[in-house]
Structure formats: C-alpha cells, structure tokens
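So this block is data19.cif, mmCIF, C-alpha atoms:
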data_model
loop_
_atom_site.label_atom_id
_atom_site.label_comp_id
_atom_site.auth_asym_id
_atom_site.auth_seq_id
_atom_site.Cartn_x
_atom_site.Cartn_y
_atom_site.Cartn_z
CA MET A 1 0.00 0.00 0.00
CA THR A 2 1.48 3.35 -1.00
CA ALA A 3 1.86 6.39 1.21
CA SER A 4 -0.13 8.43 -1.33
CA ARG A 5 -3.06 5.99 -1.04
CA ASP A 6 -2.93 6.25 2.76
CA ASP A 7 -2.88 10.05 2.58
CA GLU A 8 -5.83 10.04 0.18
CA VAL A 9 -7.84 7.83 2.54
CA VAL A 10 -7.06 10.02 5.55
CA ARG A 11 -8.10 13.18 3.68
CA ALA A 12 -11.30 11.55 2.46
CA LEU A 13 -12.18 10.29 5.94
CA ARG A 14 -11.58 13.70 7.49
CA ALA A 15 -13.73 15.40 4.85
CA ALA A 16 -16.50 12.83 5.28
CA ALA A 17 -16.40 13.16 9.07
CA ALA A 18 -16.90 16.91 8.77
CA GLU A 19 -19.42 16.95 5.95
CA GLU A 20 -21.38 13.69 6.17
CA SER A 21 -21.52 12.57 9.82
CA ALA A 22 -24.64 14.49 10.79
CA ARG A 23 -26.47 13.41 7.64
CA ILE A 24 -25.69 9.74 8.34
CA VAL A 25 -26.61 9.94 12.02
CA SER A 26 -29.96 11.61 11.31
CA THR A 27 -30.82 8.95 8.73
CA VAL A 28 -30.03 6.09 11.13
CA ILE A 29 -31.94 7.76 13.96
CA ARG A 30 -35.03 7.92 11.74
CA ILE A 31 -34.75 4.19 11.06
CA THR A 32 -33.94 3.04 14.60
CA ASP A 33 -35.20 5.81 16.90
CA ASP A 34 -32.01 5.09 18.87
CA TRP A 35 -29.45 7.89 19.23
CA ASP A 36 -26.72 5.77 20.80
CA LEU A 37 -27.13 3.07 18.15
CA ALA A 38 -26.85 5.70 15.40
CA GLU A 39 -23.55 6.96 16.84
CA ASP A 40 -22.25 3.38 17.09
CA CYS A 41 -23.21 2.63 13.48
CA LEU A 42 -21.48 5.80 12.31
CA GLN A 43 -18.25 4.87 14.08
CA ASP A 44 -18.46 1.34 12.68
CA ALA A 45 -18.87 2.72 9.16
CA PHE A 46 -15.75 4.86 9.51
CA ALA A 47 -13.78 1.94 10.96
CA ARG A 48 -14.76 -0.24 8.00
CA ALA A 49 -13.95 2.57 5.56
CA LEU A 50 -10.40 2.81 6.87
CA THR A 51 -9.75 -0.81 5.88
CA SER A 52 -11.86 -0.96 2.73
CA TRP A 53 -10.73 2.33 1.23
CA THR A 54 -7.10 1.58 1.96
CA ASN A 55 -7.38 -1.72 0.08
CA ASP A 56 -9.79 -0.78 -2.70
CA GLY A 57 -9.48 2.98 -3.01
CA VAL A 58 -11.79 5.83 -2.00
CA PRO A 59 -15.27 5.40 -3.57
CA ASN A 60 -16.69 8.00 -5.92
CA SER A 61 -19.27 8.97 -3.31
CA PRO A 62 -17.78 8.51 0.18
CA GLY A 63 -20.95 9.81 1.86
CA ALA A 64 -23.20 7.32 0.07
CA TRP A 65 -20.75 4.49 0.89
CA LEU A 66 -20.70 5.40 4.58
CA THR A 67 -24.48 5.80 4.69
CA THR A 68 -24.97 2.35 3.17
CA VAL A 69 -22.62 0.71 5.67
CA ALA A 70 -24.16 2.55 8.65
CA LYS A 71 -27.72 1.67 7.55
CA ASN A 72 -26.84 -1.98 6.96
CA ARG A 73 -25.13 -2.15 10.36
CA ALA A 74 -28.23 -0.70 12.00
CA ILE A 75 -30.45 -3.18 10.17
CA ASP A 76 -28.24 -6.10 11.22
CA LEU A 77 -28.41 -5.01 14.84
CA LEU A 78 -32.18 -4.59 14.72
CA ARG A 79 -32.61 -8.02 13.19
CA ARG A 80 -30.71 -9.52 16.10
CA ALA A 81 -33.02 -7.80 18.58
CA SER A 82 -36.22 -9.19 20.00
CA ALA A 83 -39.09 -10.27 17.74
CA GLU A 84 -41.15 -7.36 19.07
CA ARG A 85 -38.57 -4.80 18.04
CA ARG A 86 -38.10 -6.41 14.66
CA ALA A 87 -41.82 -6.21 14.07
CA ALA A 88 -41.92 -2.56 15.12
CA HIS A 89 -39.16 -1.47 12.79
CA GLY A 90 -39.22 -3.99 9.96
CA ALA A 91 -41.43 -2.04 7.58
CA GLY A 92 -39.36 1.08 8.07
CA ILE A 93 -36.20 -0.84 7.34
CA GLU A 94 -37.57 -2.23 4.11
CA ARG A 95 -38.60 1.25 2.99
CA GLU A 96 -35.09 2.48 3.71
CA LEU A 97 -33.58 -0.35 1.69
CA ASP A 98 -35.84 0.54 -1.24
CA LEU A 99 -34.84 4.19 -1.08
CA LEU A 100 -31.18 3.28 -0.80
CA ALA A 101 -31.38 1.02 -3.84
CA ARG A 102 -32.87 3.78 -5.94
CA GLU A 103 -30.24 6.36 -4.87
CA GLY A 104 -32.30 9.13 -6.43
CA GLU A 105 -33.16 12.69 -5.59
CA GLN A 106 -35.79 11.42 -3.18
CA VAL A 107 -33.05 10.05 -0.93
CA ASP A 108 -31.27 13.41 -0.90
CA GLU A 109 -34.52 15.22 -0.12
CA GLN A 110 -35.37 12.79 2.68
CA SER A 111 -31.89 13.23 4.10
CA GLN A 112 -32.40 16.99 4.32
CA HIS A 113 -35.72 16.51 6.13
CA ASP A 114 -34.01 14.02 8.47
CA ARG A 115 -31.45 16.63 9.47
CA LEU A 116 -34.13 19.26 10.00
CA ALA A 117 -36.05 16.78 12.16
CA LEU A 118 -32.87 16.00 14.06
CA LEU A 119 -32.28 19.70 14.65
CA PHE A 120 -35.77 20.26 16.06
CA THR A 121 -35.45 17.16 18.25
CA CYS A 122 -32.16 18.40 19.72
CA CYS A 123 -33.84 21.72 20.51
CA HIS A 124 -36.78 20.23 22.44
CA PRO A 125 -37.68 22.43 25.46
CA ALA A 126 -37.57 19.41 27.80
CA LEU A 127 -33.79 19.51 27.46
CA ALA A 128 -31.70 22.02 29.35
CA ALA A 129 -30.66 24.99 27.21
CA ASP A 130 -26.95 24.15 27.23
CA ALA A 131 -27.73 20.48 26.54
CA ARG A 132 -29.80 21.44 23.47
CA VAL A 133 -26.96 23.36 21.88
CA ALA A 134 -24.32 20.79 22.84
CA LEU A 135 -26.36 17.88 21.46
CA ALA A 136 -27.11 19.75 18.24
CA LEU A 137 -23.46 20.65 17.79
CA ARG A 138 -22.57 16.98 18.18
CA THR A 139 -25.24 15.42 16.00
CA VAL A 140 -26.24 18.15 13.54
CA VAL A 141 -23.03 20.13 13.17
CA GLY A 142 -20.82 17.07 13.67
CA MET A 143 -18.34 18.73 16.03
CA THR A 144 -16.22 16.46 18.20
CA VAL A 145 -16.83 16.17 21.93
CA GLY A 146 -13.50 17.89 22.50
CA GLU A 147 -14.44 20.86 20.30
CA ILE A 148 -17.77 21.28 22.07
CA ALA A 149 -16.12 20.99 25.47
CA ARG A 150 -13.70 23.78 24.59
CA ALA A 151 -16.57 25.96 23.37
CA PHE A 152 -18.39 25.47 26.70
CA LEU A 153 -15.17 25.78 28.72
CA VAL A 154 -15.63 22.39 30.41
CA SER A 155 -13.63 19.17 30.37
CA GLU A 156 -14.16 16.63 27.61
CA GLU A 157 -15.30 14.08 30.21
CA ALA A 158 -17.89 16.48 31.59
CA MET A 159 -19.20 17.24 28.11
CA GLN A 160 -19.43 13.54 27.25
CA LYS A 161 -21.55 12.98 30.37
CA ARG A 162 -23.76 15.93 29.43
CA LEU A 163 -24.37 14.47 25.99
CA VAL A 164 -25.14 11.03 27.42
CA ARG A 165 -27.68 12.56 29.79
CA ALA A 166 -29.30 14.52 26.95
CA ARG A 167 -29.71 11.41 24.79
CA ALA A 168 -31.07 9.50 27.77
CA LYS A 169 -33.57 12.30 28.41
CA ILE A 170 -34.81 12.05 24.82
CA LYS A 171 -35.25 8.30 25.17
CA ASN A 172 -36.79 8.24 28.65
CA ALA A 173 -39.12 11.18 28.05
CA GLY A 174 -40.31 9.72 24.77
CA ILE A 175 -39.35 12.83 22.81
CA PRO A 176 -40.29 12.01 19.20
CA PHE A 177 -37.88 12.37 16.31
CA GLY A 178 -39.38 14.79 13.84
CA VAL A 179 -40.39 18.34 13.00
CA PRO A 180 -42.99 19.45 15.59
CA PRO A 181 -46.38 21.02 14.88
CA VAL A 182 -46.11 24.66 13.93
CA GLU A 183 -47.56 25.88 17.24
CA ARG A 184 -44.47 24.40 18.94
CA TRP A 185 -42.02 26.23 16.74
CA PRO A 186 -41.60 29.47 18.75
CA GLU A 187 -40.27 27.68 21.82
CA ARG A 188 -37.60 25.93 19.76
CA MET A 189 -36.79 28.48 17.06
CA PRO A 190 -34.09 30.50 18.90
CA ALA A 191 -32.05 27.35 19.52
CA VAL A 192 -32.70 26.04 15.99
CA LEU A 193 -31.48 29.26 14.39
CA ALA A 194 -28.46 29.44 16.70
CA VAL A 195 -27.34 25.94 15.76
CA LEU A 196 -27.81 26.56 12.04
CA TYR A 197 -25.67 29.67 12.26
CA LEU A 198 -23.02 27.73 14.18
CA LEU A 199 -23.11 25.08 11.46
CA PHE A 200 -22.63 27.78 8.83
CA GLY A 201 -19.80 29.32 10.83
CA GLU A 202 -17.99 25.99 11.07
CA GLY A 203 -17.63 26.16 7.29
CA TYR A 204 -15.53 29.31 7.66
CA SER A 205 -13.61 28.91 10.89
CA SER A 206 -13.00 25.24 11.54
CA THR A 207 -10.96 24.36 14.59
CA GLU A 208 -9.84 21.16 12.85
CA SER A 209 -9.09 22.11 9.25
CA GLU A 210 -6.01 23.85 7.86
CA ARG A 211 -8.24 25.48 5.26
CA PHE A 212 -10.25 28.48 6.36
CA VAL A 213 -13.12 27.84 3.92
CA ARG A 214 -14.91 24.48 3.85
CA GLU A 215 -17.67 25.27 1.39
CA PRO A 216 -19.72 22.03 1.65
CA ILE A 217 -20.43 22.67 5.34
CA ALA A 218 -21.58 26.24 4.75
CA ARG A 219 -23.61 25.12 1.74
CA GLU A 220 -25.34 22.46 3.84
CA ALA A 221 -26.31 25.09 6.42
CA ILE A 222 -27.83 27.23 3.66
CA ARG A 223 -29.79 24.25 2.32
CA LEU A 224 -31.18 23.54 5.78
CA GLN A 225 -32.03 27.21 6.29
CA ARG A 226 -33.89 27.28 2.97
CA LEU A 227 -35.76 24.14 3.98
CA LEU A 228 -36.68 25.74 7.31
CA LEU A 229 -37.89 28.88 5.54
CA SER A 230 -39.99 26.83 3.13
CA ALA A 231 -41.50 24.79 5.97
CA ASN A 232 -42.31 27.99 7.87
CA ALA A 233 -43.93 29.55 4.81
CA ASP A 234 -46.09 26.45 4.29
CA ALA A 235 -47.15 26.31 7.93
CA ALA A 236 -50.45 27.75 9.08
CA ALA A 237 -48.83 30.43 11.20
CA ALA A 238 -47.28 33.86 10.85
CA PRO A 239 -43.86 33.57 9.15
CA ASP A 240 -40.87 34.34 11.38
CA PRO A 241 -38.82 37.28 9.99
CA GLU A 242 -35.68 35.95 11.69
CA ILE A 243 -35.67 32.84 9.49
CA ALA A 244 -35.46 34.96 6.33
CA GLY A 245 -33.03 37.28 8.11
CA LEU A 246 -30.63 34.46 8.92
CA LEU A 247 -30.84 33.11 5.36
CA ALA A 248 -30.00 36.59 4.05
CA LEU A 249 -27.05 36.80 6.43
CA MET A 250 -25.73 33.41 5.29
CA LEU A 251 -26.08 34.34 1.61
CA PHE A 252 -24.28 37.67 2.02
CA GLN A 253 -21.41 35.95 3.80
CA HIS A 254 -21.28 32.92 1.52
CA ALA A 255 -21.18 35.16 -1.56
CA ARG A 256 -17.65 36.17 -0.50
CA ARG A 257 -16.36 32.58 -0.25
CA ARG A 258 -14.00 32.71 -3.26
CA SER A 259 -12.30 35.83 -1.90
CA ARG A 260 -11.91 34.66 1.70
CA ALA A 261 -8.80 32.56 1.14
CA ASP A 262 -5.99 32.27 -1.41
CA GLU A 263 -5.10 29.18 -3.42
CA SER A 264 -3.21 27.69 -0.48
CA GLY A 265 -6.19 28.14 1.83
CA ALA A 266 -4.71 31.11 3.71
CA LEU A 267 -7.18 33.61 5.16
CA ILE A 268 -7.78 36.97 3.42
CA VAL A 269 -9.45 39.65 5.56
CA LEU A 270 -12.42 41.63 4.23
CA GLU A 271 -10.35 44.74 3.62
CA ASP A 272 -8.06 42.88 1.20
CA GLN A 273 -10.64 40.75 -0.59
CA ASP A 274 -11.16 40.99 -4.34
CA ARG A 275 -14.79 42.05 -4.65
CA ALA A 276 -14.88 40.97 -8.28
CA LEU A 277 -14.87 37.40 -6.93
CA TRP A 278 -18.04 37.92 -4.90
CA ASP A 279 -20.98 35.87 -6.16
CA ALA A 280 -23.44 38.35 -7.70
CA ASP A 281 -26.31 35.84 -7.74
CA GLU A 282 -26.00 35.11 -4.03
CA LEU A 283 -25.71 38.81 -3.21
CA ARG A 284 -28.94 39.33 -5.15
CA ASP A 285 -30.62 36.45 -3.32
CA GLY A 286 -29.40 37.87 -0.01
CA ARG A 287 -31.02 41.21 -0.81
CA LEU A 288 -34.26 39.46 -1.77
CA GLU A 289 -34.34 37.55 1.53
CA LEU A 290 -33.53 40.70 3.51
CA ASN A 291 -36.39 42.47 1.72
CA ARG A 292 -38.66 39.54 2.56
CA ALA A 293 -37.67 39.80 6.22
CA THR A 294 -38.28 43.55 6.14
CA ARG A 295 -41.80 43.07 4.77
CA LEU A 296 -42.54 40.48 7.45
CA LEU A 297 -41.29 42.84 10.16
CA VAL A 298 -43.44 45.69 8.89
CA ALA A 299 -46.49 43.43 8.69
CA SER A 300 -45.95 42.05 12.18
CA GLY A 301 -45.05 45.32 13.87
CA GLU A 302 -42.21 43.53 15.66
CA HIS A 303 -38.78 44.96 16.43
CA PRO A 304 -35.93 43.66 14.26
CA GLY A 305 -34.18 40.60 15.66
CA PRO A 306 -30.45 39.91 15.87
CA TYR A 307 -30.18 37.94 12.62
CA TYR A 308 -32.07 40.60 10.68
CA LEU A 309 -29.74 43.29 12.05
CA GLN A 310 -26.62 41.27 11.25
CA ALA A 311 -27.95 40.72 7.73
CA ALA A 312 -28.50 44.47 7.42
CA ILE A 313 -24.87 45.03 8.42
CA ALA A 314 -23.70 42.44 5.89
CA SER A 315 -25.80 44.12 3.21
CA GLN A 316 -23.86 47.35 3.72
CA HIS A 317 -20.59 45.54 3.03
CA ALA A 318 -22.15 43.83 0.01
CA ALA A 319 -23.36 47.13 -1.46
CA ALA A 320 -20.07 49.00 -1.07
CA PRO A 321 -17.81 49.18 -4.15
CA SER A 322 -14.73 49.02 -1.89
CA TYR A 323 -13.84 48.65 1.76
CA ALA A 324 -12.96 52.34 2.04
CA ALA A 325 -16.31 53.32 0.50
CA THR A 326 -18.34 51.29 3.01
CA ASP A 327 -20.92 53.27 4.99
CA PHE A 328 -19.45 52.45 8.40
CA GLU A 329 -21.51 55.10 10.17
CA ARG A 330 -24.66 53.29 9.11
CA ILE A 331 -23.11 50.01 10.24
CA VAL A 332 -22.45 51.60 13.65
CA SER A 333 -26.13 52.55 13.84
CA PHE A 334 -27.14 48.93 13.18
CA TYR A 335 -24.74 47.78 15.90
CA ASP A 336 -26.35 50.30 18.25
CA LEU A 337 -29.68 48.53 17.68
CA LEU A 338 -28.07 45.10 17.95
CA ALA A 339 -26.52 46.04 21.28
CA VAL A 340 -30.03 46.72 22.60
CA THR A 341 -31.68 43.69 20.96
CA ALA A 342 -29.01 41.12 21.78
CA PRO A 343 -26.49 42.72 24.14
CA SER A 344 -23.16 40.94 24.42
CA ALA A 345 -19.47 41.67 24.67
CA ILE A 346 -18.99 40.26 21.15
CA VAL A 347 -21.47 42.76 19.74
CA GLU A 348 -19.63 45.57 21.52
CA LEU A 349 -16.33 44.35 20.07
CA ASN A 350 -17.74 44.34 16.55
CA ARG A 351 -19.22 47.77 17.13
CA ALA A 352 -15.79 49.01 18.20
CA VAL A 353 -14.35 47.85 14.88
CA ALA A 354 -17.07 49.71 12.98
CA VAL A 355 -16.46 52.84 15.07
CA ALA A 356 -12.74 52.59 14.32
CA MET A 357 -13.41 52.47 10.59
CA ALA A 358 -15.98 55.29 10.74
CA ARG A 359 -14.24 57.65 13.17
CA GLY A 360 -10.62 56.55 13.27
CA PRO A 361 -8.60 53.83 15.06
CA ALA A 362 -8.16 55.91 18.22
CA ALA A 363 -11.93 56.02 18.75
CA GLY A 364 -12.15 52.27 18.32
CA LEU A 365 -9.19 51.64 20.62
CA GLU A 366 -10.90 53.61 23.38
CA LEU A 367 -13.89 51.26 23.19
CA ILE A 368 -11.55 48.25 23.18
CA ASP A 369 -9.95 49.56 26.38
CA ASP A 370 -13.38 49.74 27.99
CA LEU A 371 -14.12 46.15 26.97
CA SER A 372 -10.77 44.96 28.26
CA ALA A 373 -11.45 46.58 31.63
CA VAL A 374 -14.55 44.41 32.01
CA GLY A 375 -12.45 41.31 31.35
CA GLU A 376 -15.20 39.19 29.79
CA LEU A 377 -13.30 38.73 26.53
CA GLU A 378 -9.83 38.30 27.98
CA ASN A 379 -9.52 34.82 26.45
CA TYR A 380 -11.19 35.73 23.14
CA TYR A 381 -8.56 36.00 20.44
CA LEU A 382 -10.38 38.61 18.35
CA LEU A 383 -10.25 41.12 21.20
CA HIS A 384 -6.45 40.97 21.14
CA ALA A 385 -6.27 40.80 17.34
CA THR A 386 -8.48 43.88 17.07
CA ARG A 387 -6.42 45.82 19.59
CA ALA A 388 -3.26 44.84 17.73
CA ASP A 389 -4.68 45.93 14.38
CA LEU A 390 -5.82 49.30 15.70
CA LEU A 391 -2.41 49.91 17.26
CA ARG A 392 -0.83 48.99 13.92
CA ARG A 393 -3.05 51.47 12.12
CA LEU A 394 -1.99 54.14 14.62
CA GLY A 395 1.65 53.39 13.82
CA ARG A 396 2.36 51.89 17.26
CA LEU A 397 3.96 48.76 15.83
CA ARG A 398 5.98 47.70 18.86
CA ASP A 399 2.89 48.04 21.07
CA ALA A 400 0.89 45.95 18.62
CA LEU A 401 3.22 42.92 18.57
CA PRO A 402 2.45 41.43 22.02
CA HIS A 403 -1.27 41.65 21.32
CA TYR A 404 -0.81 39.83 18.00
CA GLU A 405 1.13 37.18 19.93
CA ARG A 406 -1.65 36.82 22.49
CA ALA A 407 -4.24 36.56 19.72
CA HIS A 408 -2.15 33.88 18.01
CA ASP A 409 -2.00 31.82 21.19
CA LEU A 410 -5.79 31.97 21.56
CA ALA A 411 -6.83 31.60 17.90
CA PRO A 412 -9.09 28.53 17.45
CA SER A 413 -8.17 27.49 13.91
CA PRO A 414 -4.93 26.74 12.04
CA ALA A 415 -5.87 29.19 9.28
CA GLU A 416 -6.30 32.06 11.73
CA ARG A 417 -3.05 31.21 13.52
CA ASN A 418 -1.22 31.13 10.20
CA PHE A 419 -2.64 34.54 9.28
CA LEU A 420 -1.49 36.05 12.57
CA THR A 421 1.95 34.48 12.20
CA ALA A 422 2.32 36.13 8.79
CA ARG A 423 1.09 39.47 10.12
CA MET A 424 3.61 39.37 13.00
CA ALA A 425 6.44 38.53 10.61
CA GLN A 426 5.46 41.48 8.42
CA LEU A 427 5.35 43.77 11.43
CA ARG A 428 8.75 42.67 12.72
CA GLN A 429 10.28 43.24 9.28
CA THR A 430 8.74 46.71 9.12
CA ILE A 431 10.10 47.57 12.56
CA GLN A 432 13.56 46.25 11.67
CA GLU A 433 13.70 48.20 8.43
CA GLY A 434 12.34 51.34 10.00
CA MET A 435 9.69 51.64 7.30
CA PRO A 436 6.42 53.56 7.82
CA PRO A 437 3.55 51.32 8.99
CA ALA A 438 1.12 49.80 6.51
CA ASN A 439 -2.39 51.30 6.47
CA PRO A 440 -1.60 54.01 9.05
#
Mind turning the file's structure into structure tokens?
Amino acid sequence: MTASRDDEVVRALRAAAAEESARIVSTVIRITDDWDLAEDCLQDAFARALTSWTNDGVPNSPGAWLTTVAKNRAIDLLRRASAERRAAHGAGIERELDLLAREGEQVDEQSQHDRLALLFTCCHPALAADARVALALRTVVGMTVGEIARAFLVSEEAMQKRLVRARAKIKNAGIPFGVPPVERWPERMPAVLAVLYLLFGEGYSSTESERFVREPIAREAIRLQRLLLSANADAAAAPDPEIAGLLALMLFQHARRRSRADESGALIVLEDQDRALWDADELRDGRLELNRATRLLVASGEHPGPYYLQAAIASQHAAAPSYAATDFERIVSFYDLLAVTAPSAIVELNRAVAVAMARGPAAGLELIDDLSAVGELENYYLLHATRADLLRRLGRLRDALPHYERAHDLAPSPAERNFLTARMAQLRQTIQEGMPPANP
C-alpha cells in the first residue's frame, strides 16, 4: 500500500467526518429511533472505511458508501433484537432499503428533512438549554466532543456525560424524532437558528481544518435554512422574519467565499478581498431575503431581531464598491440597535471595529480599552487581534506585537493562527527596516 493511497484515505475520511456525519446519524436515527445506536453505526462505518478504502481505493461517493454501511449495520443489529422490536421497525427498514437502492433525488430530499427533524429534536424544550446546543453541535453540526467541550469551557469528560444525559432524556421522556407542529415552533426556534448559524460558521472557521473555507459545510447550512424557511412559509402560522433574516445573512457571507482565502487556503481579511470574486447571484438572493424579512417585520409590527440586524450590516458591506467606500456610520447605527436587541461583549467588540473604521482607530481603541477593563473577553482571540490591528493602524507597531502574539496563542483554527503568524512577521520586518507602517 502506497503512502499516497494512505494520505488520500485520511483526507477523504476527514472530509467525510466533517461533511457527512450528521447526515448519516440523522438517517439512522429515523430508522432506529435510537441515538446511541446511530452513533455506534457511524463509528463502525468509519472503521470499516479505513480498511476498505485503503485496500480498494476511496469510492466516488464517500458519503453514500458510509451511509450504506451505517444503515446496513443498523439493520443487522435490529434483526438480532427481539421479535417485538423487529416487528416494530421492519417495515421502516424495508422502505429504507428501497430508497437506498434507488439512490435518487428522493433520498437526498429525505436526508435533508431528516437533518431538520434532528435539529428540532435536539432543541426540544424538555432539554436544558446548554444540553440542546451541545447535542445539536454533536449530531447536527458534527463537532467532536473535544471541540464542544472547549466551546463550553468544560472538560471533555464532563461534556461527554452531558451528551449522554441529553440522549437518555430524549429516550426516557419519549421525545419524538421529527419536526414538531407549527404551534411548537416558537419555543424551539431560537435554539434552531443558533445551531444553524453555528453550522454555517464551522464552514468558515473550523478548529480542525487547515483550510479556512470548507464550502460544503456552509452550503449544507444554507440548504437547511432554505428548507426551514420553506416549511415555515407552508405552515399555518405567521412567518418568522428571523428565518429569512438568517438566510439573508448566510447568503451575504457565503457570496464572498471565493475571496476569503488564497489558493493555499490562507485567510484573506475583508479589507483585502477581491470584490470581483463575490458571487453576484447570491448577493442578489441575499437582498431578496432581507427584503422579505423587512416586509414580514413591517407586517408584524415587531422589532428587528439579531439575525435581521446582522444581515442588514452584511448588506452594507455587500453594497459597497470598496472597503474604504463602506458606509461604516450606518453600520455603527445597526450595531447600536443590535446592542439593545441582543447585548453581548462580542457585539460591543464588533461595534468598536465599525467605530474605528468610521471615526478613526483611536476612537475604536478607546472602546476596546473599555471592553478589556470588564475582562469578559480576555480569552477571546479577536479582542487581542483587534487591539493589535488598531495599534498597527496608529503606527504603534511595537505596542501591537504582544497583542498579536496573544491573539495567536488563543486563535481557534490553524488558518487564523497562520494569518497572525504572517502578520507578526510582516510587522517585525517593518520595525527592523524602520519603514512607515502599513495602512496608518
């Protein structure tokens, strides 16, 4: 077996783990109604792939291969169970085998509905709020237990126990797998939207991938968001403006995907992106969805929600012919509203960046100092990266360096660490050569 074959298998397995795991798990859960069994079947499929793909090569459709193995493993286990359980699930199994054999568009469509059902199930109000998000991140987003533990600032062992308890709660409380009746949507929608946005974000800031952009993950989040919007529109209830708002936000951000990284996968910040690479069709669709959300807000008389406001901010970037021509004062006004609607230290940090661009780096740095005094974001790398960048723009290069170093130590992804390493090297060279600072 050649080293190149082994490398190909490892890359394919990593990509499948990131992009296909949640799809496979949701499909097996629908068949078995057993969350633990679905996880076991997924792991078994990956274990078999390691041997099979190494010997026979990576299949043309790794996701379909893994799904077939996981389904067949689940069916085998069910057939070994009691006669009562076989009777309860047999018809469903046969239907799944029929669908699998056809491998048509219907399978893909069912898979999307499975993931939406899985998302709603994870966000059931009977589960504790932190358990809902953690379980959804594990099963819908496909994040590892270690990644989720770091996000919640707890040990991996503690997070594993939390996930086990959440799955047990679903089983013992008889929480059904599926999309709930429309009257139950409001109690679950905030968590559902939060998880979908986290899924989208994982496509652009993975803690596991060397590449900053992993388009299939972001694209999957957009597909699910469209499906959610369609289901909401078909339901006999008032449409939720935040669903259209989040879709608009995703589309505005995804439109920039080709400009976010260079050919090697290295991050390119918004200021340096080539706007000619932005997807005009997705920018248009983003504007259409933002307009839809606006009409729904006007009709409902509600105040704009956080996703709508973030989409409005993204629309300002999308409309600007260049970074310098962006209407940052208007962006600041949207952040003012966002700070009231969904107050957080992260919102204040983003507002500080907008203030810096609208009124100068010194004004932004003053707000950063206020945030630092509170201490809530002390371990958040973007606080330190922002301070460093504003100091750089003010020409205080030596003051900026330690903050870049701190940001590098805290950065969650390889791509972001690599970007900060390059920025520090550039700064050190500038200091050594005594050249004027870039972008003063």
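Reported to one decimal place, the separation of CA of Ala22 (chain A) from CA of Pro306 (chain A) is 26.6 Å.
Residue nearest Gly265 (chain A) within the list A:Asn379, A:Asn418, A:Gln253, A:Ser300: A:Asn418 [criterion: smallest interatomic distance, only C-alpha atoms].
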Selection near Leu377 (chain A), 12 Å with all atoms listed in the file, sequence-local residues under 2 positions removed, as JSON, numbers by chain: {"A": [344, 345, 346, 347, 348, 349, 368, 369, 370, 371, 372, 373, 374, 375, 379, 380, 381, 382, 383, 384, 385, 386, 407, 410]}
Polymer residues at most 10 Å from Glu302 (chain A), only C-alpha atoms, same-chain spacing of 5 or more positions, as a ChimeraX atom specification: /A:241,296-297
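For the choices A:Thr27, A:Ser52, A:Thr32, A:Thr341, the atom-to-atom distance to Thr68 (chain A) is smallest for A:Thr27 when using only C-alpha atoms.
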Please build the interface table for region 297-408 of chain A against region 266-288 of chain A with a cut-off of 9 Å, listing for each qualifying residue the nearest atom pair and the distance in Å to one decimal; count only C-alpha atoms, order rows by chain and increasing number, and write it as a tab-separated table.
residue	atom	partner	partner_atom	distance
A:Ala311	CA	A:Gly286	CA	8.4
A:Ser315	CA	A:Arg287	CA	7.2
A:Ala318	CA	A:Leu283	CA	6.9
A:Ala319	CA	A:Leu283	CA	8.8
A:Pro321	CA	A:Arg275	CA	7.8
A:Ser322	CA	A:Arg275	CA	7.5
A:Tyr323	CA	A:Glu271	CA	5.6
A:Ala324	CA	A:Glu271	CA	8.2
From the list A:Glu220, A:Glu187, A:Glu416, A:Asp399, which residue is nearest Leu127 (chain A) when using all atoms listed in the file? A:Glu187
Please evaluate the PyMOL selection byres ((chain A and resi 293) around 6) against the displayed coordinates and give the resulting residues as a compact mmCIF listing (two decimals) with C-alpha atoms, keeping the file's coordinate frame.
# COMPACT_ATOMS: atom_id res chain seq x y z
CA PRO A 241 -38.82 37.28 9.99
CA ALA A 244 -35.46 34.96 6.33
CA GLY A 245 -33.03 37.28 8.11
CA LEU A 290 -33.53 40.70 3.51
CA ASN A 291 -36.39 42.47 1.72
CA ARG A 292 -38.66 39.54 2.56
CA THR A 294 -38.28 43.55 6.14
CA ARG A 295 -41.80 43.07 4.77
CA LEU A 296 -42.54 40.48 7.45
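One distance worth recording is that between CA of Ala411 (chain A) and CA of Leu365 (chain A), which is 20.4 Å.
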One number please: CA of Leu13 (chain A) to CA of Met143 (chain A), in Å, one decimal. 14.5 Å
